[in-house]
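Asker: Got a file for you: input-v8.pdb, PDB, C-alpha atoms.
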```pdb
ATOM      1  CA  MET W   1      19.342   4.221  20.420
ATOM      2  CA  SER W   2      18.639   1.613  23.078
ATOM      3  CA  ALA W   3      18.799  -2.146  22.561
ATOM      4  CA  LYS W   4      15.514  -3.775  21.593
ATOM      5  CA  ARG W   5      13.848  -7.161  21.922
ATOM      6  CA  MET W   6      10.811  -8.250  19.942
ATOM      7  CA  ASP W   7       7.825 -10.320  21.059
ATOM      8  CA  LEU W   8       6.916 -12.372  17.989
ATOM      9  CA  LYS W   9       4.096 -14.258  19.703
ATOM     10  CA  LYS W  10       1.410 -11.850  18.571
ATOM     11  CA  LYS W  11      -1.346 -11.572  16.003
ATOM     12  CA  SER W  12       0.868 -10.321  13.198
ATOM     13  CA  LEU W  13       1.086  -9.287   9.594
ATOM     14  CA  PHE W  14       4.151 -11.035   8.174
ATOM     15  CA  ILE W  15       5.528 -10.180   4.733
ATOM     16  CA  LEU W  16       8.395 -12.230   3.320
ATOM     17  CA  SER W  17       9.888 -10.930   0.099
ATOM     18  CA  GLY W  18      11.864 -13.770  -1.465
ATOM     19  CA  VAL W  19      11.157 -17.426  -0.700
ATOM     20  CA  THR W  20      13.021 -19.239  -3.487
ATOM     21  CA  ASN W  21      16.580 -19.031  -2.155
ATOM     22  CA  PRO W  22      17.799 -21.566   0.453
ATOM     23  CA  LEU W  23      17.015 -19.287   3.400
ATOM     24  CA  GLY W  24      13.476 -18.302   2.328
ATOM     25  CA  LYS W  25      11.587 -21.463   3.223
ATOM     26  CA  HIS W  26      13.127 -21.656   6.702
ATOM     27  CA  LEU W  27      12.418 -17.970   7.371
ATOM     28  CA  ALA W  28       8.779 -18.536   6.437
ATOM     29  CA  ILE W  29       8.234 -21.696   8.493
ATOM     30  CA  GLU W  30      10.125 -20.720  11.640
ATOM     31  CA  MET W  31       8.671 -17.209  11.826
ATOM     32  CA  CYS W  32       5.135 -18.525  11.353
ATOM     33  CA  ASN W  33       5.725 -20.954  14.211
ATOM     34  CA  ARG W  34       5.849 -17.900  16.502
ATOM     35  CA  PHE W  35       2.783 -15.959  15.388
ATOM     36  CA  GLN W  36      -0.618 -16.192  17.008
ATOM     37  CA  THR W  37      -3.829 -17.505  15.443
ATOM     38  CA  GLY W  38      -5.380 -14.977  13.080
ATOM     39  CA  SER W  39      -2.048 -13.729  11.740
ATOM     40  CA  LEU W  40      -1.783 -12.935   8.044
ATOM     41  CA  VAL W  41       1.207 -14.086   5.984
ATOM     42  CA  MET W  42       2.092 -12.519   2.624
ATOM     43  CA  LEU W  43       4.700 -14.342   0.500
ATOM     44  CA  ILE W  44       6.187 -12.386  -2.420
ATOM     45  CA  ASP W  45       8.301 -13.901  -5.190
ATOM     46  CA  VAL W  46       8.363 -14.876  -8.859
ATOM     47  CA  ASP W  47       8.306 -18.685  -8.565
ATOM     48  CA  ASP W  48       4.693 -19.797  -8.161
ATOM     49  CA  GLU W  49       5.588 -23.448  -7.521
ATOM     50  CA  CYS W  50       7.868 -22.510  -4.635
ATOM     51  CA  LEU W  51       5.312 -20.057  -3.244
ATOM     52  CA  GLN W  52       2.597 -22.709  -3.170
ATOM     53  CA  GLU W  53       4.913 -25.274  -1.586
ATOM     54  CA  VAL W  54       5.800 -22.920   1.263
ATOM     55  CA  ARG W  55       2.148 -21.897   1.670
ATOM     56  CA  LYS W  56       1.103 -25.525   2.170
ATOM     57  CA  GLU W  57       3.812 -26.080   4.772
ATOM     58  CA  ILE W  58       2.735 -23.008   6.720
ATOM     59  CA  GLU W  59      -0.919 -24.018   6.615
ATOM     60  CA  SER W  60       0.022 -27.483   7.881
ATOM     61  CA  LEU W  61       1.143 -25.870  11.142
ATOM     62  CA  THR W  62      -2.583 -25.756  12.068
ATOM     63  CA  LYS W  63      -2.198 -22.429  13.834
ATOM     64  CA  GLY W  64      -4.981 -20.655  11.970
ATOM     65  CA  LEU W  65      -2.661 -18.527   9.856
ATOM     66  CA  GLN W  66      -3.923 -17.120   6.576
ATOM     67  CA  VAL W  67      -1.335 -17.292   3.772
ATOM     68  CA  ILE W  68      -1.495 -15.175   0.609
ATOM     69  CA  CYS W  69       0.929 -15.832  -2.280
ATOM     70  CA  CYS W  70       1.849 -12.868  -4.468
ATOM     71  CA  ASN W  71       3.583 -13.874  -7.702
ATOM     72  CA  LEU W  72       5.271 -10.818  -9.211
ATOM     73  CA  MET W  73       6.130 -12.741 -12.390
ATOM     74  CA  ASP W  74       9.219 -10.540 -12.821
ATOM     75  CA  TRP W  75      11.104  -8.431 -10.266
ATOM     76  CA  GLN W  76      11.811  -5.858 -12.979
ATOM     77  CA  ASN W  77       8.129  -4.867 -12.960
ATOM     78  CA  ALA W  78       8.058  -4.303  -9.197
ATOM     79  CA  ASP W  79       7.333  -0.685  -8.254
ATOM     80  CA  SER W  80       5.479   1.378  -5.656
ATOM     81  CA  LYS W  81       2.161   1.185  -7.508
ATOM     82  CA  LEU W  82       2.301  -2.618  -7.669
ATOM     83  CA  PHE W  83       3.165  -2.974  -3.981
ATOM     84  CA  HIS W  84       0.481  -0.439  -3.011
ATOM     85  CA  ASN W  85      -2.146  -2.483  -4.842
ATOM     86  CA  LEU W  86      -0.890  -5.760  -3.340
ATOM     87  CA  LEU W  87      -1.056  -4.441   0.215
ATOM     88  CA  ALA W  88      -4.448  -2.842  -0.331
ATOM     89  CA  THR W  89      -5.833  -6.096  -1.721
ATOM     90  CA  VAL W  90      -4.341  -8.349   0.948
ATOM     91  CA  LEU W  91      -5.350  -6.147   3.882
ATOM     92  CA  SER W  92      -8.961  -6.002   2.693
ATOM     93  CA  LEU W  93      -9.327  -9.802   2.651
ATOM     94  CA  PRO W  94     -11.639 -11.376   5.259
ATOM     95  CA  GLN W  95     -10.159 -13.477   8.039
ATOM     96  CA  GLN W  96      -9.772 -17.214   7.498
ATOM     97  CA  ASP W  97     -12.519 -18.101   9.998
ATOM     98  CA  GLY W  98     -15.067 -16.222   7.898
ATOM     99  CA  GLU W  99     -15.891 -13.646  10.555
ATOM    100  CA  LYS W 100     -16.331 -10.057   9.493
ATOM    101  CA  GLN W 101     -13.347  -7.840   9.962
ATOM    102  CA  GLU W 102     -13.543  -5.350  12.763
ATOM    103  CA  GLU W 103     -14.831  -1.938  11.773
ATOM    104  CA  ILE W 104     -12.095   0.503  10.889
ATOM    105  CA  GLU W 105     -11.464   2.712  13.866
ATOM    106  CA  LYS W 106     -11.180   6.249  12.655
ATOM    107  CA  GLN W 107      -8.469   7.066  15.151
ATOM    108  CA  GLY W 108      -5.874   8.043  12.593
ATOM    109  CA  GLY W 109      -7.535   5.880   9.998
ATOM    110  CA  GLY W 110      -5.690   2.742  11.114
ATOM    111  CA  PHE W 111      -6.886  -0.822  11.669
ATOM    112  CA  LYS W 112      -6.722  -2.418  15.101
ATOM    113  CA  GLN W 113      -6.447  -5.790  13.419
ATOM    114  CA  PHE W 114      -2.746  -6.617  13.978
ATOM    115  CA  GLU W 115      -0.575  -6.195  17.051
ATOM    116  CA  PHE W 116       2.663  -6.336  15.068
ATOM    117  CA  ALA W 117       3.835  -6.059  11.447
ATOM    118  CA  LEU W 118       7.078  -7.707  10.291
ATOM    119  CA  MET W 119       8.640  -7.591   6.843
ATOM    120  CA  ILE W 120      11.761  -9.534   5.853
ATOM    121  CA  HIS W 121      13.581  -8.618   2.651
ATOM    122  CA  ASN W 122      15.123 -11.849   1.413
ATOM    123  CA  GLU W 123      14.765 -11.254  -2.322
ATOM    124  CA  GLY W 124      17.792 -11.364  -4.561
ATOM    125  CA  THR W 125      20.424 -13.572  -6.137
ATOM    126  CA  PHE W 126      23.606 -12.417  -4.440
ATOM    127  CA  ALA W 127      24.920 -15.956  -3.980
ATOM    128  CA  THR W 128      25.143 -16.588  -7.727
ATOM    129  CA  HIS W 129      27.112 -19.440  -9.266
ATOM    130  CA  MET W 130      28.544 -17.180 -12.005
ATOM    131  CA  LEU W 131      30.888 -14.239 -11.626
ATOM    132  CA  MET W 132      29.000 -11.163 -12.775
ATOM    133  CA  GLU W 133      31.655  -8.878 -14.249
ATOM    134  CA  PRO W 134      32.079  -7.208 -16.597
ATOM    135  CA  GLN W 135      28.456  -6.095 -17.116
ATOM    136  CA  ASN W 136      26.913  -3.512 -19.421
ATOM    137  CA  ALA W 137      24.818  -0.583 -18.168
ATOM    138  CA  GLU W 138      21.535  -2.384 -18.921
ATOM    139  CA  SER W 139      22.571  -5.329 -16.734
ATOM    140  CA  TRP W 140      23.454  -2.955 -13.921
ATOM    141  CA  MET W 141      20.040  -1.311 -14.114
ATOM    142  CA  ALA W 142      18.211  -4.651 -14.114
ATOM    143  CA  PHE W 143      20.209  -5.924 -11.134
ATOM    144  CA  ALA W 144      19.754  -2.683  -9.173
ATOM    145  CA  THR W 145      16.001  -2.729  -9.843
ATOM    146  CA  GLN W 146      15.632  -6.109  -8.168
ATOM    147  CA  HIS W 147      18.120  -5.719  -5.325
ATOM    148  CA  LEU W 148      17.729  -2.031  -4.447
ATOM    149  CA  TYR W 149      14.730  -0.299  -6.017
ATOM    150  CA  ALA W 150      12.195  -3.073  -5.319
ATOM    151  CA  PRO W 151      12.977  -3.219  -1.552
ATOM    152  CA  VAL W 152      12.809   0.588  -1.348
ATOM    153  CA  ALA W 153       9.433   0.656  -3.115
ATOM    154  CA  LEU W 154       8.031  -2.111  -0.897
ATOM    155  CA  ASN W 155       9.296  -0.402   2.261
ATOM    156  CA  GLN W 156       7.688   2.900   1.319
ATOM    157  CA  GLU W 157       4.270   1.331   0.841
ATOM    158  CA  PHE W 158       4.596  -0.792   3.988
ATOM    159  CA  ILE W 159       5.606   2.126   6.217
ATOM    160  CA  LYS W 160       2.963   4.577   4.963
ATOM    161  CA  CYS W 161       0.136   2.015   4.679
ATOM    162  CA  ALA W 162      -2.922   3.610   6.340
ATOM    163  CA  ALA W 163      -4.210   0.234   7.527
ATOM    164  CA  LEU W 164      -1.022  -0.207   9.599
ATOM    165  CA  LYS W 165      -0.733   3.362  10.843
ATOM    166  CA  ASP W 166      -0.568   2.580  14.565
ATOM    167  CA  THR W 167       0.935  -0.899  14.281
ATOM    168  CA  PRO W 168       4.546  -1.400  15.498
ATOM    169  CA  LYS W 169       6.692  -2.425  12.519
ATOM    170  CA  LEU W 170       9.962  -4.302  12.097
ATOM    171  CA  LEU W 171      11.961  -4.287   8.848
ATOM    172  CA  ILE W 172      14.675  -6.924   8.396
ATOM    173  CA  ASN W 173      17.179  -6.722   5.571
ATOM    174  CA  ILE W 174      18.916 -10.032   4.882
ATOM    175  CA  ASN W 175      22.457  -8.864   4.371
ATOM    176  CA  SER W 176      25.917 -10.314   3.721
ATOM    177  CA  GLN W 177      29.041  -9.138   5.490
ATOM    178  CA  PHE W 178      31.059 -11.051   2.914
ATOM    179  CA  MET W 179      29.500  -9.146   0.003
ATOM    180  CA  LEU W 180      30.300  -5.825   1.679
ATOM    181  CA  GLN W 181      33.985  -6.598   1.134
ATOM    182  CA  PRO W 182      35.590  -5.413  -2.129
ATOM    183  CA  MET W 183      36.202  -8.371  -4.450
ATOM    184  CA  PHE W 184      37.238  -9.005  -8.032
ATOM    185  CA  TYR W 185      34.345  -9.440 -10.474
ATOM    186  CA  SER W 186      31.839  -8.271  -7.910
ATOM    187  CA  SER W 187      31.507  -4.495  -8.251
ATOM    188  CA  LEU W 188      27.873  -4.896  -9.330
ATOM    189  CA  LYS W 189      26.856  -7.057  -6.357
ATOM    190  CA  CYS W 190      29.005  -5.242  -3.799
ATOM    191  CA  SER W 191      27.814  -1.782  -4.888
ATOM    192  CA  CYS W 192      24.150  -2.706  -4.600
ATOM    193  CA  LYS W 193      24.728  -4.516  -1.313
ATOM    194  CA  LYS W 194      26.533  -1.527   0.216
ATOM    195  CA  ALA W 195      23.886   0.922  -1.015
ATOM    196  CA  ARG W 196      21.133  -1.300   0.347
ATOM    197  CA  ASP W 197      22.884  -1.545   3.713
ATOM    198  CA  MET W 198      23.144   2.256   3.951
ATOM    199  CA  TYR W 199      19.503   2.663   2.911
ATOM    200  CA  PHE W 200      18.263   0.472   5.774
ATOM    201  CA  ARG W 201      20.524   2.292   8.232
ATOM    202  CA  SER W 202      19.022   5.584   7.075
ATOM    203  CA  ILE W 203      15.454   4.277   7.320
ATOM    204  CA  ALA W 204      16.117   3.411  10.966
ATOM    205  CA  SER W 205      16.939   7.071  11.634
ATOM    206  CA  ASP W 206      14.222   8.548   9.424
ATOM    207  CA  GLU W 207      11.451   6.422  10.946
ATOM    208  CA  SER W 208      12.688   6.237  14.546
ATOM    209  CA  LEU W 209       9.742   8.303  15.782
ATOM    210  CA  THR W 210       7.083   6.322  13.889
ATOM    211  CA  ASN W 211       7.408   3.003  15.738
ATOM    212  CA  VAL W 212       9.505   1.428  12.957
ATOM    213  CA  THR W 213      12.485  -0.752  13.951
ATOM    214  CA  VAL W 214      15.129  -1.881  11.450
ATOM    215  CA  MET W 215      17.727  -4.646  11.390
ATOM    216  CA  SER W 216      20.201  -5.825   8.760
ATOM    217  CA  TYR W 217      21.012  -9.474   9.381
ATOM    218  CA  ALA W 218      23.863 -11.422   7.814
ATOM    219  CA  PRO W 219      23.046 -15.159   8.091
ATOM    220  CA  GLY W 220      26.625 -16.342   7.625
ATOM    221  CA  ILE W 221      28.116 -18.257   4.717
ATOM    222  CA  LEU W 222      25.551 -20.963   4.024
ATOM    223  CA  LYS W 223      26.527 -24.578   3.392
ATOM    224  CA  THR W 224      24.263 -24.466   0.342
ATOM    225  CA  HIS W 225      26.423 -21.802  -1.314
ATOM    226  CA  GLN W 226      27.584 -23.157  -4.663
ATOM    227  CA  PRO W 227      31.063 -22.822  -6.228
ATOM    228  CA  GLN W 228      31.437 -19.913  -8.620
ATOM    229  CA  TYR W 229      32.418 -20.169 -12.280
ATOM    230  CA  ASP W 230      33.730 -17.748 -14.869
ATOM    231  CA  ASP W 231      32.345 -17.293 -18.393
ATOM    232  CA  ASN W 232      34.368 -20.301 -19.574
ATOM    233  CA  ASN W 233      32.840 -22.476 -16.837
ATOM    234  CA  ASN W 234      36.082 -22.675 -14.875
ATOM    235  CA  VAL W 235      35.679 -23.037 -11.100
ATOM    236  CA  ILE W 236      36.788 -19.903  -9.254
ATOM    237  CA  ASN W 237      38.346 -20.152  -5.812
ATOM    238  CA  VAL W 238      36.611 -17.586  -3.601
ATOM    239  CA  SER W 239      39.865 -16.870  -1.771
ATOM    240  CA  ASP W 240      41.348 -15.714  -5.099
ATOM    241  CA  VAL W 241      38.422 -13.350  -5.689
ATOM    242  CA  ILE W 242      39.002 -11.492  -2.414
ATOM    243  CA  ASN W 243      42.678 -11.037  -3.362
ATOM    244  CA  GLY W 244      44.143 -11.422   0.099
ATOM    245  CA  ASP W 245      41.702  -9.027   1.774
ATOM    246  CA  GLU W 246      42.194  -9.611   5.509
ATOM    247  CA  ASP W 247      38.525  -9.268   6.513
ATOM    248  CA  GLY W 248      37.408 -11.495   3.638
ATOM    249  CA  GLU W 249      39.907 -14.207   4.530
ATOM    250  CA  LYS W 250      38.732 -14.185   8.163
ATOM    251  CA  LEU W 251      35.150 -14.694   6.999
ATOM    252  CA  LEU W 252      36.127 -17.638   4.788
ATOM    253  CA  LYS W 253      37.660 -19.431   7.786
ATOM    254  CA  LEU W 254      34.409 -19.289   9.775
ATOM    255  CA  PRO W 255      32.181 -22.390   9.848
ATOM    256  CA  ARG W 256      29.493 -22.782   7.176
ATOM    257  CA  VAL W 257      25.904 -22.431   8.359
ATOM    258  CA  GLU W 258      22.728 -24.419   7.700
ATOM    259  CA  PRO W 259      19.757 -22.233   6.562
ATOM    260  CA  LYS W 260      17.584 -23.380   9.484
ATOM    261  CA  GLN W 261      20.412 -22.676  11.917
ATOM    262  CA  ALA W 262      20.754 -19.128  10.531
ATOM    263  CA  THR W 263      17.000 -18.573  10.845
ATOM    264  CA  LEU W 264      16.832 -19.773  14.455
ATOM    265  CA  LYS W 265      19.742 -17.512  15.314
ATOM    266  CA  LEU W 266      17.860 -14.518  13.875
ATOM    267  CA  ILE W 267      14.811 -15.355  16.000
ATOM    268  CA  ASN W 268      17.002 -15.752  19.072
ATOM    269  CA  ILE W 269      18.543 -12.309  18.471
ATOM    270  CA  LEU W 270      15.091 -10.753  18.106
ATOM    271  CA  GLU W 271      13.568 -12.394  21.173
ATOM    272  CA  GLU W 272      16.467 -12.899  23.585
ATOM    273  CA  ILE W 273      19.803 -11.304  22.733
ATOM    274  CA  SER W 274      18.494  -7.859  21.619
ATOM    275  CA  PHE W 275      19.803  -5.481  18.943
ATOM    276  CA  ILE W 276      20.018  -1.768  18.126
ATOM    277  CA  SER W 277      17.748  -0.466  15.373
ATOM    278  CA  GLY W 278      19.660   0.325  12.196
ATOM    279  CA  HIS W 279      22.741  -1.691  13.120
ATOM    280  CA  ASP W 280      24.111  -4.673  11.227
ATOM    281  CA  VAL W 281      23.925  -8.004  13.069
ATOM    282  CA  ASP W 282      25.962 -10.984  11.924
ATOM    283  CA  TYR W 283      25.351 -14.667  12.636
ATOM    284  CA  TYR W 284      29.019 -14.947  13.651
ATOM    285  CA  ASP W 285      28.786 -12.175  16.259
ATOM    286  CA  THR W 286      28.020 -14.871  18.820
ATOM    287  CA  TYR W 287      27.621 -18.630  18.546
ATOM    288  CA  VAL W 288      24.932 -18.750  21.226
ATOM    289  CA  LEU W 289      21.705 -20.273  19.882
TER     290      LEU W 289
END
```
Please rewrite the model in this file as structure tokens.
Answerer:
Amino acid sequence: MSAKRMDLKKKSLFILSGVTNPLGKHLAIEMCNRFQTGSLVMLIDVDDECLQEVRKEIESLTKGLQVICCNLMDWQNADSKLFHNLLATVLSLPQQDGEKQEEIEKQGGGFKQFEFALMIHNEGTFATHMLMEPQNAESWMAFATQHLYAPVALNQEFIKCAALKDTPKLLININSQFMLQPMFYSSLKCSCKKARDMYFRSIASDESLTNVTVMSYAPGILKTHQPQYDDNNNVINVSDVINGDEDGEKLLKLPRVEPKQATLKLINILEEISFISGHDVDYYDTYVL
């Protein structure tokens, strides 16, 4: 596969799944700064207060972007049917300026409304303040539903959406190189993270002929990351959790990253540096901003 660059300065459909963690707000604002007037933004999460706050900030950009907030109430109820209905509802909404939508062109049944469709998967609670092991089977299922099944279900509906049939698409999985390392008390998080990473790699191959591009992006170890505690509320040193793993120790020595800095680096990779669809890209791969 050849290296790709993306032109974000288009009339776009932008879906951001997960806005409540430290990276979400910056992803929303900085991405929307690139899109052209008439773009449609769809924010998905479970915290209505946070959704509305980010919506207001995007609308204050005065770029004529339409922002739709989708409160799932609970990630455990997220499935293909729910995401199908959300997309169908959002894509049938009139444009913000009140003009009628263009007639559907029957060429393949797709809209000619958007030049580009981008979806960023930022949902999840991988950077938790509590160690998560041991867990019972029910806890595993609940965690996997949010961090693995929900992104798969959303991807399926996004990729096969008839209204976006001929629209170039980009899927971005917010990843963590650190969480791909084996660690004590982290088999639940690491297993889901590794499975999710492999899923996005596979999607890049499966959809390579359908104008779908895929990236997994690791934003670095954020400065906002909180210390971890055990069940007795004792602070856990992260270096003890990795148990001397060489790759993990190298990561811990790298500089901490501000959320906005990580977001701008992602945009720079998309627009300037280039990437290969399906490959993992890490903030620390290069310090060039």
Asker: Find the spatial neighbours of region 112-120 of chain W, counting only C-alpha atoms, within a cut-off of 6 Å - ignore same-chain residues fewer than 2 positions away - and output them as a PyMOL selection string.
Answerer: chain W and resi 11-16+167-172
Asker: As an exercise, work out the distance from CA of Lys265 (chain W) to CA of Ala150 (chain W) in Å and give it to one decimal place.
Answerer: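 Computing it gives 26.3 Å between the two atoms.
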Asker: Go through W:Ser187, W:Asn85, W:Ser39, W:Asn155 one by one, measure the shortest atom-to-atom distance of each to Gln135 (chain W) using all atoms listed in the file, and give the residue with the smallest value.
Answerer: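 Of the candidates, the smallest distance to Gln135 (chain W) is held by W:Ser187.
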Asker: Place a sphere of radius 12 Å on (23.9, 1.0, 0.0) in the file coordinates and name every protein, DNA or RNA residue with an atom inside or on its surface, counting all atoms listed in the file; give the answer as a list of chain:residue names.
Answerer: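 All residues meeting the 12 Å criterion around (23.9, 1.0, 0.0) are W:Ala144, W:His147, W:Leu148, W:Tyr149, W:Pro151, W:Val152, W:Asn173, W:Asn175, W:Met179, W:Leu180, W:Leu188, W:Lys189, W:Cys190, W:Ser191, W:Cys192, W:Lys193, W:Lys194, W:Ala195, W:Arg196, W:Asp197, W:Met198, W:Tyr199, W:Phe200, W:Arg201, W:Ser202, W:Ile203, W:Ser216.
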Asker: Would you save the residues of that selection, restricted to C-alpha atoms, as a short mmCIF file (atom, residue, chain, number, x, y, z; two decimals), in the frame of the given file?
Answerer:
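Wrote result_7.cif, looks like this:
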```cif
data_model
loop_
_atom_site.label_atom_id
_atom_site.label_comp_id
_atom_site.auth_asym_id
_atom_site.auth_seq_id
_atom_site.Cartn_x
_atom_site.Cartn_y
_atom_site.Cartn_z
CA ALA W 144 19.75 -2.68 -9.17
CA HIS W 147 18.12 -5.72 -5.32
CA LEU W 148 17.73 -2.03 -4.45
CA TYR W 149 14.73 -0.30 -6.02
CA PRO W 151 12.98 -3.22 -1.55
CA VAL W 152 12.81 0.59 -1.35
CA ASN W 173 17.18 -6.72 5.57
CA ASN W 175 22.46 -8.86 4.37
CA MET W 179 29.50 -9.15 0.00
CA LEU W 180 30.30 -5.82 1.68
CA LEU W 188 27.87 -4.90 -9.33
CA LYS W 189 26.86 -7.06 -6.36
CA CYS W 190 29.00 -5.24 -3.80
CA SER W 191 27.81 -1.78 -4.89
CA CYS W 192 24.15 -2.71 -4.60
CA LYS W 193 24.73 -4.52 -1.31
CA LYS W 194 26.53 -1.53 0.22
CA ALA W 195 23.89 0.92 -1.01
CA ARG W 196 21.13 -1.30 0.35
CA ASP W 197 22.88 -1.54 3.71
CA MET W 198 23.14 2.26 3.95
CA TYR W 199 19.50 2.66 2.91
CA PHE W 200 18.26 0.47 5.77
CA ARG W 201 20.52 2.29 8.23
CA SER W 202 19.02 5.58 7.08
CA ILE W 203 15.45 4.28 7.32
CA SER W 216 20.20 -5.82 8.76
#
```
Asker: Which residue is closest to Asp282 (chain W)? Choose from W:Leu40, W:Asp166, W:Met6, W:Thr263 and count all atoms listed in the file.
Answerer: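 Nearest to Asp282 (chain W): W:Thr263.
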Asker: Using CA of Glu59 (chain W) and CA of Phe35 (chain W) as the two end points, give the distance in Å to one decimal.
Answerer: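 According to the coordinates, CA of Glu59 (chain W) and CA of Phe35 (chain W) are separated by 12.5 Å.
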Asker: Mind giving me the straight-line distance from CA of Glu49 (chain W) to CA of Leu222 (chain W) in Å, one decimal?
Answerer: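 According to the coordinates, CA of Glu49 (chain W) and CA of Leu222 (chain W) are separated by 23.2 Å.
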Asker: Rank W:Trp75, W:Tyr283, W:Trp140, W:Phe275 by their smallest atom-to-atom distance to Gln261 (chain W), using only C-alpha atoms, and report the top residue only.
Answerer: W:Tyr283
